[in-house]
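**Q** Handing over upload_22.txt, compact mmCIF, C-alpha atoms.
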# COMPACT_ATOMS: atom_id res chain seq x y z
CA MET A 126 6.36 21.59 7.60
CA THR A 127 3.86 23.63 9.56
CA PRO A 128 4.22 27.34 8.84
CA ASP A 129 5.09 29.55 11.78
CA PRO A 130 2.05 31.84 12.02
CA SER A 131 4.16 34.61 13.50
CA ARG A 132 6.22 34.85 10.32
CA THR A 133 4.51 35.22 7.00
CA GLY A 134 5.33 36.62 3.63
CA VAL A 135 3.59 39.69 2.26
CA VAL A 136 0.57 39.61 -0.04
CA ALA A 137 0.85 42.91 -1.90
CA LEU A 138 -2.13 42.15 -4.14
CA ALA A 139 -4.44 39.23 -4.95
CA ASP A 140 -7.54 39.83 -7.02
CA VAL A 141 -9.78 38.77 -9.88
CA VAL A 142 -10.50 41.64 -12.25
CA ASP A 143 -12.37 42.39 -15.47
CA ARG A 144 -9.69 44.52 -17.15
CA THR A 145 -6.33 44.26 -18.86
CA ILE A 146 -3.60 43.08 -16.47
CA SER A 147 0.18 43.26 -16.71
CA ILE A 148 3.27 41.69 -15.20
CA ALA A 149 4.64 45.20 -14.61
CA GLU A 150 1.89 46.19 -12.18
CA CYS A 151 2.53 43.05 -10.12
CA GLU A 152 6.30 43.47 -10.27
CA THR A 153 6.09 47.09 -9.07
CA LEU A 154 4.11 46.05 -6.01
CA VAL A 155 6.64 43.49 -4.81
CA ALA A 156 9.83 45.43 -5.57
CA ASP A 157 11.93 46.27 -2.52
CA ASP A 158 15.58 47.14 -1.98
CA ARG A 159 15.95 44.03 0.20
CA PHE A 160 14.96 41.72 -2.64
CA GLY A 161 17.58 40.44 -5.06
CA ALA A 162 15.21 38.09 -6.92
CA VAL A 163 11.93 38.79 -8.68
CA VAL A 164 10.20 35.90 -10.43
CA THR A 165 7.27 36.75 -12.67
CA PHE A 166 4.73 34.59 -14.46
CA ALA A 167 2.33 35.41 -17.25
CA GLY A 168 -0.43 32.98 -18.20
CA VAL A 169 -1.08 33.96 -21.82
CA VAL A 170 -3.92 32.97 -24.13
CA ARG A 171 -2.42 30.68 -26.79
CA ASN A 172 -3.70 30.00 -30.28
CA HIS A 173 -4.05 26.23 -29.97
CA ASP A 174 -5.35 23.57 -27.58
CA GLU A 175 -5.04 19.82 -28.09
CA GLY A 176 -4.35 20.27 -31.78
CA ARG A 177 -7.21 22.67 -32.50
CA GLY A 178 -6.92 26.33 -33.41
CA VAL A 179 -8.17 28.69 -30.70
CA LEU A 180 -9.52 32.16 -31.55
CA THR A 181 -10.69 33.54 -28.19
CA LEU A 182 -11.17 32.56 -24.56
CA SER A 183 -13.99 33.73 -22.32
CA TYR A 184 -13.29 33.52 -18.59
CA THR A 185 -16.03 33.56 -15.97
CA ALA A 186 -15.65 33.46 -12.21
CA HIS A 187 -17.73 32.37 -9.26
CA PRO A 188 -18.60 35.30 -6.96
CA SER A 189 -16.17 33.89 -4.38
CA ALA A 190 -13.19 33.92 -6.76
CA ALA A 191 -11.61 37.13 -5.43
CA SER A 192 -11.72 35.91 -1.83
CA VAL A 193 -10.39 32.47 -2.84
CA ILE A 194 -7.40 33.94 -4.71
CA ALA A 195 -6.71 36.05 -1.60
CA ASP A 196 -6.81 32.87 0.53
CA VAL A 197 -4.43 31.15 -1.89
CA ALA A 198 -2.02 34.08 -1.78
CA ARG A 199 -2.07 34.10 2.03
CA ASP A 200 -1.42 30.34 2.12
CA VAL A 201 1.61 30.72 -0.15
CA ALA A 202 2.89 33.68 1.86
CA ALA A 203 2.52 31.63 5.06
CA ARG A 204 4.73 28.90 3.58
CA PHE A 205 7.34 31.35 2.30
CA PRO A 206 7.82 33.93 5.06
CA ASP A 207 10.57 35.79 3.22
CA VAL A 208 8.72 36.60 0.02
CA SER A 209 6.39 39.33 -1.17
CA LEU A 210 3.86 38.38 -3.85
CA ALA A 211 1.22 39.84 -6.11
CA VAL A 212 -1.24 37.94 -8.30
CA LEU A 213 -4.06 38.96 -10.64
CA HIS A 214 -6.46 36.84 -12.65
CA ARG A 215 -8.44 38.43 -15.43
CA VAL A 216 -12.01 37.48 -16.42
CA GLY A 217 -14.05 38.40 -19.48
CA ASP A 218 -13.30 37.93 -23.18
CA LEU A 219 -9.59 37.55 -23.99
CA GLY A 220 -7.81 37.29 -27.31
CA ILE A 221 -4.65 35.46 -28.34
CA GLY A 222 -1.66 36.93 -26.50
CA ASP A 223 -3.71 38.52 -23.73
CA ILE A 224 -2.57 37.84 -20.17
CA ALA A 225 -5.07 35.86 -18.12
CA LEU A 226 -2.90 35.34 -15.05
CA ALA A 227 -0.13 37.65 -13.85
CA ALA A 228 2.06 36.99 -10.83
CA ALA A 229 5.23 38.37 -9.30
CA VAL A 230 7.14 36.99 -6.34
CA ALA A 231 10.13 38.75 -4.82
CA SER A 232 12.62 37.53 -2.26
CA ALA A 233 16.15 38.21 -1.07
CA HIS A 234 17.38 35.16 -2.98
CA ARG A 235 16.06 33.29 -6.00
CA ALA A 236 15.18 29.85 -4.60
CA PRO A 237 12.19 30.84 -2.45
CA ALA A 238 10.97 33.22 -5.17
CA PHE A 239 10.95 30.44 -7.79
CA GLU A 240 9.34 27.94 -5.42
CA ALA A 241 6.68 30.34 -4.16
CA ALA A 242 5.84 31.47 -7.71
CA ALA A 243 5.38 27.87 -8.87
CA LEU A 244 3.18 27.04 -5.88
CA LEU A 245 1.17 30.22 -6.31
CA VAL A 246 0.35 29.48 -9.96
CA ASP A 247 -0.44 25.82 -9.22
CA LEU A 248 -2.80 26.70 -6.37
CA VAL A 249 -4.54 29.45 -8.32
CA LYS A 250 -5.31 26.96 -11.09
CA GLU A 251 -6.39 24.30 -8.59
CA ARG A 252 -8.48 26.29 -6.14
CA VAL A 253 -9.81 29.51 -7.66
CA PRO A 254 -13.30 29.00 -9.13
CA ILE A 255 -12.73 30.33 -12.62
CA TRP A 256 -13.77 28.71 -15.89
CA LYS A 257 -12.91 29.29 -19.52
CA GLU A 258 -14.82 28.69 -22.71
CA GLN A 259 -12.69 28.29 -25.83
CA SER A 260 -13.84 29.36 -29.27
CA PHE A 261 -12.14 27.33 -31.99
CA ASP A 262 -11.37 28.32 -35.56
CA ASP A 263 -13.88 25.72 -36.80
CA GLY A 264 -16.73 27.66 -35.13
CA GLN A 265 -17.15 25.27 -32.21
CA THR A 266 -16.91 26.23 -28.54
CA GLU A 267 -15.92 24.19 -25.52
CA TRP A 268 -15.80 24.68 -21.74
CA VAL A 269 -12.27 23.63 -20.83
CA SER A 270 -12.04 20.59 -18.52
CA ALA A 271 -15.83 20.29 -18.18
CA LEU A 272 -15.91 16.76 -19.60
CA GLY A 273 -12.36 15.64 -18.80
CA MET B 292 -39.80 27.83 -11.51
CA THR B 293 -40.22 24.73 -9.40
CA THR B 294 -40.61 21.09 -10.22
CA ARG B 295 -42.73 18.98 -7.93
CA ALA B 296 -41.36 15.49 -7.39
CA ASP B 297 -44.42 14.22 -5.57
CA ALA B 298 -46.62 16.54 -3.55
CA SER B 299 -47.33 13.93 -0.89
CA THR B 300 -43.66 13.39 -0.06
CA THR B 301 -42.32 16.88 -0.75
CA ALA B 302 -40.43 17.93 2.30
CA LEU B 303 -37.80 20.34 1.18
CA ARG B 304 -37.12 22.93 -1.42
CA VAL B 305 -33.58 23.79 -2.45
CA THR B 306 -32.10 26.34 -4.83
CA LEU B 307 -29.49 25.32 -7.37
CA ARG B 308 -27.19 27.82 -9.03
CA PHE B 309 -25.28 26.74 -12.13
CA PHE B 310 -21.92 27.92 -13.44
CA ALA B 311 -19.99 27.68 -16.70
CA ALA B 312 -20.55 24.35 -18.47
CA ALA B 313 -23.27 23.39 -15.97
CA ARG B 314 -25.10 26.63 -16.69
CA ALA B 315 -24.77 26.03 -20.41
CA ALA B 316 -26.02 22.45 -20.07
CA VAL B 317 -29.07 23.45 -18.03
CA GLY B 318 -29.80 26.66 -19.90
CA ARG B 319 -30.52 28.57 -16.70
CA ASP B 320 -28.65 30.39 -13.96
CA THR B 321 -30.77 29.10 -11.10
CA LEU B 322 -33.51 26.59 -10.46
CA ASP B 323 -35.58 25.72 -7.39
CA VAL B 324 -36.48 22.06 -6.94
CA GLU B 325 -38.75 20.36 -4.42
CA LEU B 326 -37.56 17.02 -3.15
CA PRO B 327 -38.55 14.30 -0.69
CA ALA B 328 -36.89 14.33 2.71
CA GLY B 329 -33.49 12.67 2.71
CA SER B 330 -32.72 13.68 -0.86
CA THR B 331 -29.13 14.12 -1.94
CA ILE B 332 -27.28 16.44 -4.29
CA ALA B 333 -27.49 13.67 -6.91
CA ASP B 334 -31.29 13.58 -6.43
CA ALA B 335 -31.48 17.34 -6.90
CA LEU B 336 -29.44 17.12 -10.12
CA ALA B 337 -31.66 14.29 -11.38
CA ALA B 338 -34.67 16.53 -10.70
CA VAL B 339 -33.01 19.26 -12.77
CA THR B 340 -32.72 17.02 -15.82
CA ARG B 341 -36.42 16.11 -15.40
CA GLN B 342 -37.40 19.77 -15.04
CA PRO B 343 -40.12 20.33 -17.67
CA ALA B 344 -39.02 23.89 -18.41
CA ALA B 345 -35.33 23.09 -18.73
CA PRO B 346 -34.12 22.98 -22.33
CA THR B 347 -32.49 19.65 -21.58
CA SER B 348 -35.68 17.83 -20.69
CA HIS B 349 -36.89 16.83 -24.15
CA ASP B 350 -33.61 15.90 -25.69
CA ALA B 351 -31.91 12.65 -24.69
CA ASP B 352 -28.51 13.85 -25.92
CA ALA B 353 -28.82 17.07 -23.93
CA VAL B 354 -29.82 15.15 -20.81
CA ALA B 355 -26.85 12.81 -21.24
CA HIS B 356 -24.59 15.83 -21.71
CA ALA B 357 -25.92 17.52 -18.57
CA GLU B 358 -25.43 14.30 -16.61
CA ALA B 359 -21.85 14.02 -17.87
CA VAL B 360 -21.15 17.62 -16.85
CA PHE B 361 -22.78 17.16 -13.44
CA ARG B 362 -20.73 14.00 -12.78
CA ARG B 363 -17.51 16.05 -12.71
CA CYS B 364 -18.90 18.95 -10.68
CA SER B 365 -18.10 19.97 -7.14
CA PHE B 366 -20.47 22.02 -5.03
CA LEU B 367 -20.86 24.75 -2.51
CA VAL B 368 -23.73 24.01 -0.13
CA ASN B 369 -24.57 27.27 1.62
CA GLY B 370 -21.06 28.43 0.76
CA VAL B 371 -19.25 25.33 2.08
CA ALA B 372 -17.28 23.16 -0.35
CA VAL B 373 -18.74 19.68 -0.94
CA THR B 374 -17.55 17.04 -3.39
CA ASP B 375 -19.81 14.13 -2.35
CA HIS B 376 -22.84 13.80 -4.65
CA ALA B 377 -24.47 11.64 -1.95
CA ARG B 378 -24.49 14.52 0.53
CA THR B 379 -28.03 14.88 1.92
CA LEU B 380 -29.79 18.22 1.65
CA ALA B 381 -31.89 20.27 4.06
CA ALA B 382 -34.72 22.69 3.37
CA ASP B 383 -33.64 25.98 1.81
CA ASP B 384 -30.13 24.77 1.02
CA ARG B 385 -28.43 26.77 -1.69
CA ILE B 386 -26.28 24.59 -3.91
CA ASP B 387 -23.74 26.03 -6.34
CA VAL B 388 -22.99 23.54 -9.12
CA MET B 389 -19.41 24.07 -10.28
CA PRO B 390 -17.55 22.23 -13.07
CA PRO B 391 -13.81 21.61 -12.66
CA PHE B 392 -11.96 24.91 -12.40
CA ALA B 393 -9.99 25.99 -15.45
CA GLY B 394 -8.32 29.24 -14.55
CA GLY B 395 -4.86 30.32 -15.57
Re-express the file's structure as structure tokens.

**A**
Amino acid sequence: MTPDPSRTGVVALADVVDRTISIAECETLVADDRFGAVVTFAGVVRNHDEGRGVLTLSYTAHPSAASVIADVARDVAARFPDVSLAVLHRVGDLGIGDIALAAAVASAHRAPAFEAAALLVDLVKERVPIWKEQSFDDGQTEWVSALG
Amino acid sequence: MTTRADASTTALRVTLRFFAAARAAVGRDTLDVELPAGSTIADALAAVTRQPAAPTSHDADAVAHAEAVFRRCSFLVNGVAVTDHARTLAADDRIDVMPPFAGG
């Protein structure tokens, strides 16, 4: 389906930042009395990957990352004209439990909010030029996905 | 730092910029290489692994590792996304060498 360019959802925020991020700050930006559904997503640093213990993750971004995440957010908003969305990706050194990706999508009803949130997270992972290096509990490090 | 493929056929110089695993494999942020006319991205990457000053150049395992990382990379040529390693280059092209993205 080709989006109608005259109707688009709202991008309240889309950015790549080197600071702590929260679901709450995204949720606040999309809240509106018209919206009965708010779907949020937190991408959280976990303590294991493919059976190995993870201690920390270091995220780095290409200089274009902030403009790419803005493009992604606009594309999602264009496909879901009745939603408002906010998305933040953090870079730098993160520990277990830290939020790397925070997103909130609000809509009048839940279906478009769920669908837009899923698409938003998928496209951020697919298109935004960000990389992560894992430090394992055995002292080794690895750039995720670099070698397949 | 520039590597000279062959002075008699050198026709273009390009600048490579490395990110994440590619940067780690090469040991540098950026590298200029001089190449014969008609050279491709793959040729430029091959020149990088021959680069005398690059940490990879004297270690067969490191060269193999860099080649394995490069194989999965995509590129920005002057800011435009390119996935084809056979893409030919022009003088003064700026090539960003980017491993698969791993955000989220």

**Q** Pick out the residues sitting within 10 Å of region 173-187 of chain A, and hand them over as JSON, numbers by chain; count all atoms listed in the file, and ignore anything fewer than 5 positions along from it in its own chain.

**A** {"A": [141, 142, 143, 193, 214, 215, 216, 217, 218, 219, 220, 221, 222, 223, 225, 253, 254, 255, 256, 257, 258, 259, 260, 261, 262, 263, 264, 265, 266, 267, 268, 269], "B": [309, 310, 311, 387, 389, 392, 393, 394, 395]}

**Q** Output as CSV one row per residue of chain B within 12 Å of chain A: the closest atom pair and its distance in Å to one decimal place, counting all atoms listed in the file, sorted by chain and residue number ascending.

**A**
residue,atom,partner,partner_atom,distance
B:Arg308,CA,A:His187,CA,10.5
B:Phe309,CA,A:His187,CA,9.8
B:Phe310,CA,A:His187,CA,7.4
B:Ala311,CA,A:Trp256,CA,6.4
B:Ala312,CA,A:Trp268,CA,5.8
B:Ala313,CA,A:Ala271,CA,8.4
B:Arg314,CA,A:Trp268,CA,10.8
B:Ala315,CA,A:Trp268,CA,9.2
B:Ala316,CA,A:Ala271,CA,10.6
B:Ala355,CA,A:Leu272,CA,11.7
B:His356,CA,A:Leu272,CA,9.0
B:Ala357,CA,A:Leu272,CA,10.1
B:Glu358,CA,A:Leu272,CA,10.3
B:Ala359,CA,A:Leu272,CA,6.8
B:Val360,CA,A:Leu272,CA,6.0
B:Phe361,CA,A:Ala271,CA,9.0
B:Arg362,CA,A:Leu272,CA,8.8
B:Arg363,CA,A:Leu272,CA,7.1
B:Cys364,CA,A:Ala271,CA,8.2
B:Ser365,CA,A:Pro254,CA,10.4
B:Phe366,CA,A:Pro254,CA,10.8
B:Leu367,CA,A:Ser189,CA,10.4
B:Gly370,CA,A:Ser189,CA,9.0
B:Val371,CA,A:Ser189,CA,11.2
B:Ala372,CA,A:Arg252,CA,11.0
B:Asp387,CA,A:His187,CA,9.2
B:Val388,CA,A:His187,CA,10.3
B:Met389,CA,A:Pro254,CA,7.9
B:Pro390,CA,A:Ala271,CA,5.7
B:Pro391,CA,A:Ala271,CA,6.0
B:Phe392,CA,A:Pro254,CA,5.4
B:Ala393,CA,A:Trp256,CA,4.7
B:Gly394,CA,A:Ile255,CA,4.9
B:Gly395,CA,A:Leu226,CA,5.4

**Q** Restricting it to C-alpha atoms, dump the selection as a PDB file, keeping the file's coordinate frame.

**A**
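File produced: selection-v6.pdb:
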ATOM      1  CA  ARG B 308     -27.190  27.820  -9.030  1.00  0.00           C
ATOM      2  CA  PHE B 309     -25.280  26.740 -12.130  1.00  0.00           C
ATOM      3  CA  PHE B 310     -21.920  27.920 -13.440  1.00  0.00           C
ATOM      4  CA  ALA B 311     -19.990  27.680 -16.700  1.00  0.00           C
ATOM      5  CA  ALA B 312     -20.550  24.350 -18.470  1.00  0.00           C
ATOM      6  CA  ALA B 313     -23.270  23.390 -15.970  1.00  0.00           C
ATOM      7  CA  ARG B 314     -25.100  26.630 -16.690  1.00  0.00           C
ATOM      8  CA  ALA B 315     -24.770  26.030 -20.410  1.00  0.00           C
ATOM      9  CA  ALA B 316     -26.020  22.450 -20.070  1.00  0.00           C
ATOM     10  CA  ALA B 355     -26.850  12.810 -21.240  1.00  0.00           C
ATOM     11  CA  HIS B 356     -24.590  15.830 -21.710  1.00  0.00           C
ATOM     12  CA  ALA B 357     -25.920  17.520 -18.570  1.00  0.00           C
ATOM     13  CA  GLU B 358     -25.430  14.300 -16.610  1.00  0.00           C
ATOM     14  CA  ALA B 359     -21.850  14.020 -17.870  1.00  0.00           C
ATOM     15  CA  VAL B 360     -21.150  17.620 -16.850  1.00  0.00           C
ATOM     16  CA  PHE B 361     -22.780  17.160 -13.440  1.00  0.00           C
ATOM     17  CA  ARG B 362     -20.730  14.000 -12.780  1.00  0.00           C
ATOM     18  CA  ARG B 363     -17.510  16.050 -12.710  1.00  0.00           C
ATOM     19  CA  CYS B 364     -18.900  18.950 -10.680  1.00  0.00           C
ATOM     20  CA  SER B 365     -18.100  19.970  -7.140  1.00  0.00           C
ATOM     21  CA  PHE B 366     -20.470  22.020  -5.030  1.00  0.00           C
ATOM     22  CA  LEU B 367     -20.860  24.750  -2.510  1.00  0.00           C
ATOM     23  CA  GLY B 370     -21.060  28.430   0.760  1.00  0.00           C
ATOM     24  CA  VAL B 371     -19.250  25.330   2.080  1.00  0.00           C
ATOM     25  CA  ALA B 372     -17.280  23.160  -0.350  1.00  0.00           C
ATOM     26  CA  ASP B 387     -23.740  26.030  -6.340  1.00  0.00           C
ATOM     27  CA  VAL B 388     -22.990  23.540  -9.120  1.00  0.00           C
ATOM     28  CA  MET B 389     -19.410  24.070 -10.280  1.00  0.00           C
ATOM     29  CA  PRO B 390     -17.550  22.230 -13.070  1.00  0.00           C
ATOM     30  CA  PRO B 391     -13.810  21.610 -12.660  1.00  0.00           C
ATOM     31  CA  PHE B 392     -11.960  24.910 -12.400  1.00  0.00           C
ATOM     32  CA  ALA B 393      -9.990  25.990 -15.450  1.00  0.00           C
ATOM     33  CA  GLY B 394      -8.320  29.240 -14.550  1.00  0.00           C
ATOM     34  CA  GLY B 395      -4.860  30.320 -15.570  1.00  0.00           C
TER      35      GLY B 395
END

**Q** What does the distance between CA of Glu325 (chain B) and CA of Val354 (chain B) come to in Å, to one decimal place?

**A**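 Atom-to-atom, CA of Glu325 (chain B) to CA of Val354 (chain B), that is 19.4 Å.
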
**Q** Enclose the full set of atoms of region 212-224 of chain A listed in the file within a box whose edges lie along x, y and z, apply 3 Å of padding to each of the six sides, and report centre and edge lengths in Å to one decimal as lines of an AutoDock Vina configuration file.

**A**
center_x = -7.6
center_y = 37.2
center_z = -18.3
size_x = 18.8
size_y = 9.5
size_z = 26.0

**Q** Just the number, please: distance in Å from CA of Ala195 (chain A) to CA of Ala139 (chain A), one decimal.

**A**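 Computing the Euclidean distance for CA of Ala195 (chain A) and CA of Ala139 (chain A) yields 5.1 Å.
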
**Q** Could you state the separation of CA of Asp384 (chain B) and CA of Asn369 (chain B) in Å, given to one decimal place?

**A** 6.1 Å

**Q** Can you pull out the residues contacting Glu152 (chain A)? Cut-off 9 Å, using only C-alpha atoms, and skip same-chain residues under 5 positions away; I want them as a count of residues only.

**A** 10

**Q** Set the distance at 7 Å and use only C-alpha atoms: which residues neighbour Ala333 (chain B) once local chain neighbours fewer than 3 positions away are removed? I'd like the list as a ChimeraX atom specification.

**A** /B:336-337,376-377

**Q** Please, could you write that set of residues out with C-alpha atoms as a PDB file, in the frame of the given file?

**A**
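The resulting file, out_28.pdb, is shown below:
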ATOM      1  CA  LEU B 336     -29.440  17.120 -10.120  1.00  0.00           C
ATOM      2  CA  ALA B 337     -31.660  14.290 -11.380  1.00  0.00           C
ATOM      3  CA  HIS B 376     -22.840  13.800  -4.650  1.00  0.00           C
ATOM      4  CA  ALA B 377     -24.470  11.640  -1.950  1.00  0.00           C
TER       5      ALA B 377
END

**Q** Closest to Leu138 (chain A) among A:Gly161, A:Arg235, A:Leu248, A:Ala191, using all atoms listed in the file?

**A**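 Nearest to Leu138 (chain A): A:Ala191.
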
**Q** For each of A:Val135, A:Val208, A:Ala162, A:Val155, take the minimum atom-to-atom distance to His234 (chain A), counting all atoms listed in the file, then give the residue where this is smallest.

**A**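 Ranked by minimum distance to His234 (chain A), first place goes to A:Ala162.
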